[in-house]
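Asks: What follows is the file start-v1.json, containing JSON, C-alpha atoms:
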[["chain", "number", "residue", "atom", "x", "y", "z"],
["A", 1, "MET", "CA", 89.36, 97.60, 86.65],
["A", 2, "THR", "CA", 91.48, 96.29, 83.80],
["A", 3, "LEU", "CA", 95.23, 95.84, 83.80],
["A", 4, "LYS", "CA", 95.52, 98.60, 81.20],
["A", 5, "GLU", "CA", 93.56, 101.00, 83.42],
["A", 6, "TYR", "CA", 95.60, 100.04, 86.48],
["A", 7, "SER", "CA", 98.88, 100.56, 84.60],
["A", 8, "GLN", "CA", 98.22, 104.33, 84.65],
["A", 9, "ASN", "CA", 99.68, 104.38, 88.17],
["A", 10, "PHE", "CA", 103.09, 103.17, 87.13],
["A", 11, "MET", "CA", 104.53, 105.98, 84.99],
["A", 12, "GLY", "CA", 105.85, 103.61, 82.34],
["A", 13, "PHE", "CA", 107.38, 101.16, 84.84],
["A", 14, "PRO", "CA", 106.35, 97.54, 84.37],
["A", 15, "ILE", "CA", 103.61, 96.60, 86.83],
["A", 16, "PRO", "CA", 105.05, 94.23, 89.43],
["A", 17, "THR", "CA", 104.03, 90.64, 88.76],
["A", 18, "ILE", "CA", 102.58, 90.38, 92.26],
["A", 19, "LEU", "CA", 100.12, 93.19, 91.52],
["A", 20, "VAL", "CA", 99.26, 91.67, 88.14],
["A", 21, "ASP", "CA", 98.53, 88.41, 89.95],
["A", 22, "LEU", "CA", 96.53, 90.19, 92.67],
["A", 23, "LEU", "CA", 94.40, 91.96, 90.07],
["A", 24, "ALA", "CA", 93.86, 88.62, 88.30],
["A", 25, "PHE", "CA", 92.84, 87.09, 91.66],
["A", 26, "GLN", "CA", 90.21, 89.82, 92.02],
["A", 27, "VAL", "CA", 88.91, 89.37, 88.48],
["A", 28, "ASP", "CA", 89.03, 85.55, 88.43],
["A", 29, "ASN", "CA", 87.10, 85.34, 91.69],
["A", 30, "ALA", "CA", 84.64, 88.10, 90.74],
["A", 31, "ILE", "CA", 85.59, 89.88, 93.95],
["A", 32, "ASN", "CA", 83.32, 92.84, 94.53],
["A", 33, "ASP", "CA", 84.13, 93.42, 98.18],
["A", 34, "TYR", "CA", 87.17, 93.44, 100.47],
["A", 35, "TYR", "CA", 89.55, 90.54, 100.94],
["A", 36, "SER", "CA", 91.50, 92.58, 103.49],
["A", 37, "GLU", "CA", 89.69, 95.27, 105.45],
["A", 38, "SER", "CA", 89.45, 98.46, 103.38],
["A", 39, "PHE", "CA", 92.33, 97.46, 101.06],
["A", 40, "GLU", "CA", 91.70, 98.04, 97.39],
["A", 41, "LEU", "CA", 93.83, 98.40, 94.28],
["A", 42, "ILE", "CA", 93.14, 101.87, 92.88],
["A", 43, "ILE", "CA", 93.98, 104.22, 90.08],
["A", 44, "HIS", "CA", 95.65, 107.16, 91.78],
["A", 45, "ASP", "CA", 96.26, 110.64, 90.34],
["A", 46, "LYS", "CA", 98.75, 111.66, 93.07],
["A", 47, "TYR", "CA", 96.48, 114.51, 94.18],
["A", 48, "GLU", "CA", 97.25, 113.92, 97.87],
["A", 49, "LEU", "CA", 100.97, 113.77, 97.18],
["A", 50, "LYS", "CA", 100.80, 117.04, 95.26],
["A", 51, "THR", "CA", 99.38, 118.70, 98.36],
["A", 52, "LEU", "CA", 102.66, 117.83, 100.09],
["A", 53, "SER", "CA", 105.00, 118.81, 97.25],
["A", 54, "LYS", "CA", 104.83, 119.44, 93.54],
["A", 55, "GLU", "CA", 108.55, 118.77, 93.01],
["A", 56, "PRO", "CA", 109.01, 116.32, 90.11],
["A", 57, "VAL", "CA", 111.68, 114.35, 92.00],
["A", 58, "PHE", "CA", 109.23, 113.85, 94.86],
["A", 59, "LEU", "CA", 106.35, 112.82, 92.63],
["A", 60, "ASP", "CA", 108.50, 110.56, 90.42],
["A", 61, "GLN", "CA", 109.85, 108.53, 93.33],
["A", 62, "LEU", "CA", 106.48, 107.77, 94.93],
["A", 63, "VAL", "CA", 104.09, 105.44, 93.12],
["A", 64, "PRO", "CA", 100.66, 105.07, 94.79],
["A", 65, "PHE", "CA", 98.88, 101.80, 94.00],
["A", 66, "ALA", "CA", 96.29, 100.91, 96.65],
["A", 67, "GLN", "CA", 93.84, 102.27, 99.19],
["A", 68, "ALA", "CA", 94.93, 101.43, 102.74],
["A", 69, "ASP", "CA", 91.85, 102.33, 104.78],
["A", 70, "SER", "CA", 88.31, 103.64, 104.48],
["A", 71, "ASN", "CA", 89.40, 107.23, 105.23],
["A", 72, "GLY", "CA", 91.64, 107.88, 102.23],
["A", 73, "SER", "CA", 95.01, 106.59, 103.41],
["A", 74, "PHE", "CA", 96.99, 104.93, 100.63],
["A", 75, "TYR", "CA", 99.99, 102.73, 99.94],
["A", 76, "ALA", "CA", 102.81, 103.82, 97.64],
["A", 77, "PHE", "CA", 106.13, 102.42, 96.50],
["A", 78, "TRP", "CA", 109.14, 104.52, 97.42],
["A", 79, "LEU", "CA", 111.71, 104.33, 94.64],
["A", 80, "ASP", "CA", 115.05, 105.33, 96.04],
["A", 81, "LYS", "CA", 118.49, 104.78, 94.55],
["A", 82, "GLY", "CA", 117.43, 102.93, 91.43],
["A", 83, "GLN", "CA", 115.22, 100.33, 93.05],
["A", 84, "ASP", "CA", 112.53, 98.80, 90.94],
["A", 85, "LEU", "CA", 108.94, 98.30, 92.02],
["A", 86, "ASN", "CA", 109.50, 94.63, 92.85],
["A", 87, "THR", "CA", 112.04, 95.43, 95.56],
["A", 88, "ALA", "CA", 110.93, 98.92, 96.65],
["A", 89, "PRO", "CA", 109.72, 99.51, 100.20],
["A", 90, "ILE", "CA", 106.05, 100.29, 100.74],
["A", 91, "VAL", "CA", 104.97, 103.50, 102.49],
["A", 92, "VAL", "CA", 101.54, 104.35, 103.85],
["A", 93, "PHE", "CA", 100.33, 107.95, 103.69],
["A", 94, "GLY", "CA", 97.65, 108.65, 106.29],
["A", 95, "SER", "CA", 94.57, 110.68, 105.48],
["A", 96, "GLU", "CA", 95.01, 112.55, 108.77],
["A", 97, "GLY", "CA", 98.74, 113.01, 108.32],
["A", 98, "GLY", "CA", 101.72, 110.84, 108.87],
["A", 99, "TYR", "CA", 103.73, 108.77, 106.43],
["A", 100, "HIS", "CA", 105.52, 105.63, 107.41],
["A", 101, "VAL", "CA", 107.34, 102.70, 105.85],
["A", 102, "VAL", "CA", 105.24, 99.60, 106.51],
["A", 103, "ALA", "CA", 106.79, 96.82, 104.41],
["A", 104, "ASN", "CA", 110.14, 95.89, 102.88],
["A", 105, "ASP", "CA", 108.42, 94.94, 99.64],
["A", 106, "LEU", "CA", 105.14, 93.72, 98.18],
["A", 107, "LEU", "CA", 105.39, 90.22, 99.64],
["A", 108, "SER", "CA", 105.70, 91.68, 103.13],
["A", 109, "LEU", "CA", 102.69, 93.90, 102.46],
["A", 110, "LEU", "CA", 100.65, 90.88, 101.33],
["A", 111, "ARG", "CA", 101.43, 89.21, 104.64],
["A", 112, "LEU", "CA", 100.29, 92.34, 106.51],
["A", 113, "LEU", "CA", 97.09, 92.35, 104.48],
["A", 114, "SER", "CA", 96.41, 88.75, 105.53],
["A", 115, "LEU", "CA", 95.78, 90.05, 109.08],
["A", 116, "ASP", "CA", 92.60, 91.56, 107.57],
["A", 117, "VAL", "CA", 92.66, 94.89, 109.41],
["A", 118, "GLU", "CA", 93.14, 98.40, 108.13],
["A", 119, "PRO", "CA", 96.16, 100.32, 109.38],
["A", 120, "MET", "CA", 95.79, 103.09, 111.92],
["A", 121, "VAL", "CA", 98.01, 105.91, 110.68],
["A", 122, "ASP", "CA", 98.88, 109.13, 112.45],
["A", 123, "GLU", "CA", 101.87, 111.45, 112.79],
["A", 124, "ASP", "CA", 103.49, 109.19, 115.38],
["A", 125, "GLY", "CA", 103.22, 105.83, 113.71],
["A", 126, "VAL", "CA", 101.28, 103.13, 111.96],
["A", 127, "TYR", "CA", 99.62, 100.18, 113.66],
["A", 128, "TYR", "CA", 97.86, 97.03, 112.50],
["A", 129, "ASP", "CA", 95.69, 96.01, 115.42],
["A", 130, "LYS", "CA", 93.18, 93.17, 115.24],
["A", 131, "ASP", "CA", 90.60, 93.33, 118.01],
["A", 132, "GLU", "CA", 89.83, 89.63, 118.38],
["A", 133, "GLU", "CA", 86.63, 90.23, 120.35],
["A", 134, "ASN", "CA", 85.01, 92.38, 117.67],
["A", 135, "TYR", "CA", 86.75, 91.02, 114.58],
["A", 136, "GLU", "CA", 84.57, 90.20, 111.58],
["A", 137, "PRO", "CA", 86.45, 88.82, 108.58],
["A", 138, "SER", "CA", 86.23, 90.61, 105.27],
["A", 139, "PRO", "CA", 83.95, 88.76, 102.83],
["A", 140, "TYR", "CA", 86.80, 87.36, 100.72],
["A", 141, "SER", "CA", 89.55, 87.06, 103.33],
["A", 142, "ARG", "CA", 89.54, 83.25, 103.32],
["A", 143, "LYS", "CA", 89.97, 83.18, 99.54],
["A", 144, "PHE", "CA", 92.78, 85.70, 99.79],
["A", 145, "ARG", "CA", 94.61, 83.75, 102.49],
["A", 146, "LYS", "CA", 94.25, 80.56, 100.43],
["A", 147, "TRP", "CA", 95.57, 82.41, 97.35],
["A", 148, "LEU", "CA", 98.60, 83.62, 99.34],
["A", 149, "ARG", "CA", 99.46, 80.06, 100.33],
["A", 150, "GLU", "CA", 98.91, 78.56, 96.89],
["A", 151, "TYR", "CA", 100.45, 81.24, 94.66],
["A", 152, "TYR", "CA", 103.17, 82.74, 96.83],
["A", 153, "PHE", "CA", 103.72, 80.07, 99.49],
["A", 154, "LEU", "CA", 103.22, 82.74, 102.15],
["A", 155, "SER", "CA", 101.82, 81.91, 105.54],
["A", 156, "PRO", "CA", 99.05, 84.34, 106.40],
["A", 157, "ILE", "CA", 99.46, 86.07, 109.74],
["A", 158, "SER", "CA", 96.84, 86.09, 112.45],
["A", 159, "THR", "CA", 98.39, 88.01, 115.32],
["A", 160, "ASN", "CA", 99.18, 91.65, 115.96],
["A", 161, "PHE", "CA", 102.63, 90.61, 117.17],
["A", 162, "VAL", "CA", 103.68, 89.30, 113.73],
["A", 163, "ALA", "CA", 102.32, 92.45, 112.07],
["A", 164, "GLU", "CA", 104.35, 94.58, 114.48],
["A", 165, "GLN", "CA", 107.46, 92.55, 113.65],
["A", 166, "LEU", "CA", 106.98, 93.02, 109.90],
["A", 167, "VAL", "CA", 106.49, 96.78, 110.25],
["A", 168, "GLU", "CA", 109.39, 97.09, 112.69],
["A", 169, "GLU", "CA", 111.71, 95.20, 110.35],
["A", 170, "ALA", "CA", 110.81, 97.51, 107.45],
["A", 171, "GLN", "CA", 111.15, 100.61, 109.58],
["A", 172, "ASP", "CA", 114.54, 99.53, 110.91],
["A", 173, "LEU", "CA", 115.76, 99.31, 107.32],
["A", 174, "TYR", "CA", 114.02, 102.28, 105.70],
["A", 175, "GLN", "CA", 112.11, 104.69, 107.99],
["A", 176, "GLU", "CA", 114.99, 106.99, 108.88],
["A", 177, "LEU", "CA", 116.19, 107.09, 105.27],
["A", 178, "PHE", "CA", 112.66, 107.79, 104.08],
["A", 179, "LEU", "CA", 112.17, 110.66, 106.53],
["A", 180, "LEU", "CA", 115.51, 112.18, 105.52],
["A", 181, "TRP", "CA", 114.48, 111.90, 101.89],
["A", 182, "MET", "CA", 111.08, 113.49, 102.62],
["A", 183, "ALA", "CA", 112.47, 116.39, 104.67],
["A", 184, "PRO", "CA", 113.40, 118.74, 101.79],
["A", 185, "PHE", "CA", 110.00, 118.31, 100.18],
["A", 186, "VAL", "CA", 107.68, 118.51, 103.16],
["A", 187, "LYS", "CA", 107.81, 121.09, 105.89],
["A", 188, "LYS", "CA", 105.91, 119.92, 108.96],
["A", 189, "THR", "CA", 104.39, 122.26, 111.46],
["A", 190, "TYR", "CA", 103.69, 121.05, 114.95],
["A", 191, "SER", "CA", 101.57, 122.62, 117.61],
["A", 192, "TYR", "CA", 102.16, 121.70, 121.21],
["A", 193, "ASN", "CA", 99.16, 122.27, 123.44]]
Output the structure of this file as structure tokens.

Replies:
Amino acid sequence: MTLKEYSQNFMGFPIPTILVDLLAFQVDNAINDYYSESFELIIHDKYELKTLSKEPVFLDQLVPFAQADSNGSFYAFWLDKGQDLNTAPIVVFGSEGGYHVVANDLLSLLRLLSLDVEPMVDEDGVYYDKDEENYEPSPYSRKFRKWLREYYFLSPISTNFVAEQLVEEAQDLYQELFLLWMAPFVKKTYSYN
């Protein structure tokens, strides 16, 4: 994927430098497989978002940019109150339902990705859980972790506890606000069995 192709996601906004650098990392290293389990930069047409709401305000304030898991979950920026993409919180939309703030910004998301696990997303929450006994690193995870240290001076994470802290920090700041913002656009139905 070229930068020009990828820019289709951003509705005229400048692509955040971090994503430009991440795309360059992929191209420069001829990466043709995962560097974090199931994560992939994608061109997104907002189809899944349009199934939730077709309201222009809704669609204009959510900017999908990456696949989150192998089932169709995806990451999106949430632009609220004039934020730009560099400082916007990151939300994950689950393929089976559920939408949750996972990171304060792109740098926090990169740290989550360094755990090299896909998120588990459902109506109740989102979890990054590395099963140490059965863990097999993604083919390019070592290169990605090295890139994080060299280009962004970020320490990769290796424990579920740190991932939980990062998600909790983001949710403390944004989850309630995000759900209040979502409420007029999305009507949930629950069944209690």

Asks: Work out how far apart atom CA of Phe13 of chain A and atom CA of Phe77 of chain A are and give it in Å to one decimal.

Replies: 11.8 Å

Asks: If we count only C-alpha atoms, what is near Pro137 of chain A at a cut-off of 9 Å, once residues fewer than 4 positions away on the same chain are taken out, given as a list in words?

Replies: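 With the cut-off at 9 Å, the set is Tyr35, Ser36, Glu37, Asp116, Val117, Ser141 and Arg142 of chain A.
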
Asks: Between A:Val162, A:Leu173, A:Val92, A:Met11, which is the closest to Gln61 of chain A once you count all atoms listed in the file?

Replies: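 Distance minimum relative to Gln61 of chain A lands on A:Met11.
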
Asks: Which is closer to Met182 of chain A than all the others in A:Phe161, A:Phe153, A:Phe58, A:Tyr135, using only C-alpha atoms?

Replies: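 Looking at the shortest contact to Met182 of chain A, the residue is A:Phe58.
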
Asks: Which residue out of A:Val57, A:Ile18, A:Val121, A:Ala88 has the minimum interatomic distance to Ala103 of chain A when only C-alpha atoms are used?

Replies: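 For Ala103 of chain A, the nearest of the candidates is A:Ala88.
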
Asks: What would the list of residues within 12 Å of (91.4, 81.3, 95.8) (file frame) look like as an NGL selection string, if all atoms listed in the file are what count?

Replies: :A and (21-22 or 24-31 or 35 or 140-152)

Asks: Just to confirm, what's the straight-line distance from atom CA of Leu49 of chain A to atom CA of Lys130 of chain A in Å (one decimal)?

Replies: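 Rounded to one decimal, the two atoms are 28.5 Å apart.
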
Asks: Using all atoms listed in the file and a cutoff of 7 Å, can you tell me which residues are near (105.4, 109.6, 87.2) in the file's coordinates, and write them out as a count of residues only?

Replies: 4

Asks: Near Pro119 of chain A, within 12 Å and counting all atoms listed in the file, which residues show up once chain neighbours fewer than 3 positions away are dropped, as a VMD selection string?

Replies: chain A and resid 36 to 39 67 to 75 91 to 95 98 to 102 109 112 to 113 115 to 116 122 125 to 130 160 163 to 164 167

Asks: Smallest atom-to-atom distance to Ile43 of chain A: which of A:Asp172, A:Asp124, A:Glu133, A:Glu5, using only C-alpha atoms?

Replies: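 The shortest atom-to-atom distance to Ile43 of chain A comes from A:Glu5.
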
Asks: What is the distance between atom CA of Ser138 of chain A and atom CA of Asp33 of chain A, in Å to one decimal?

Replies: 7.9 Å
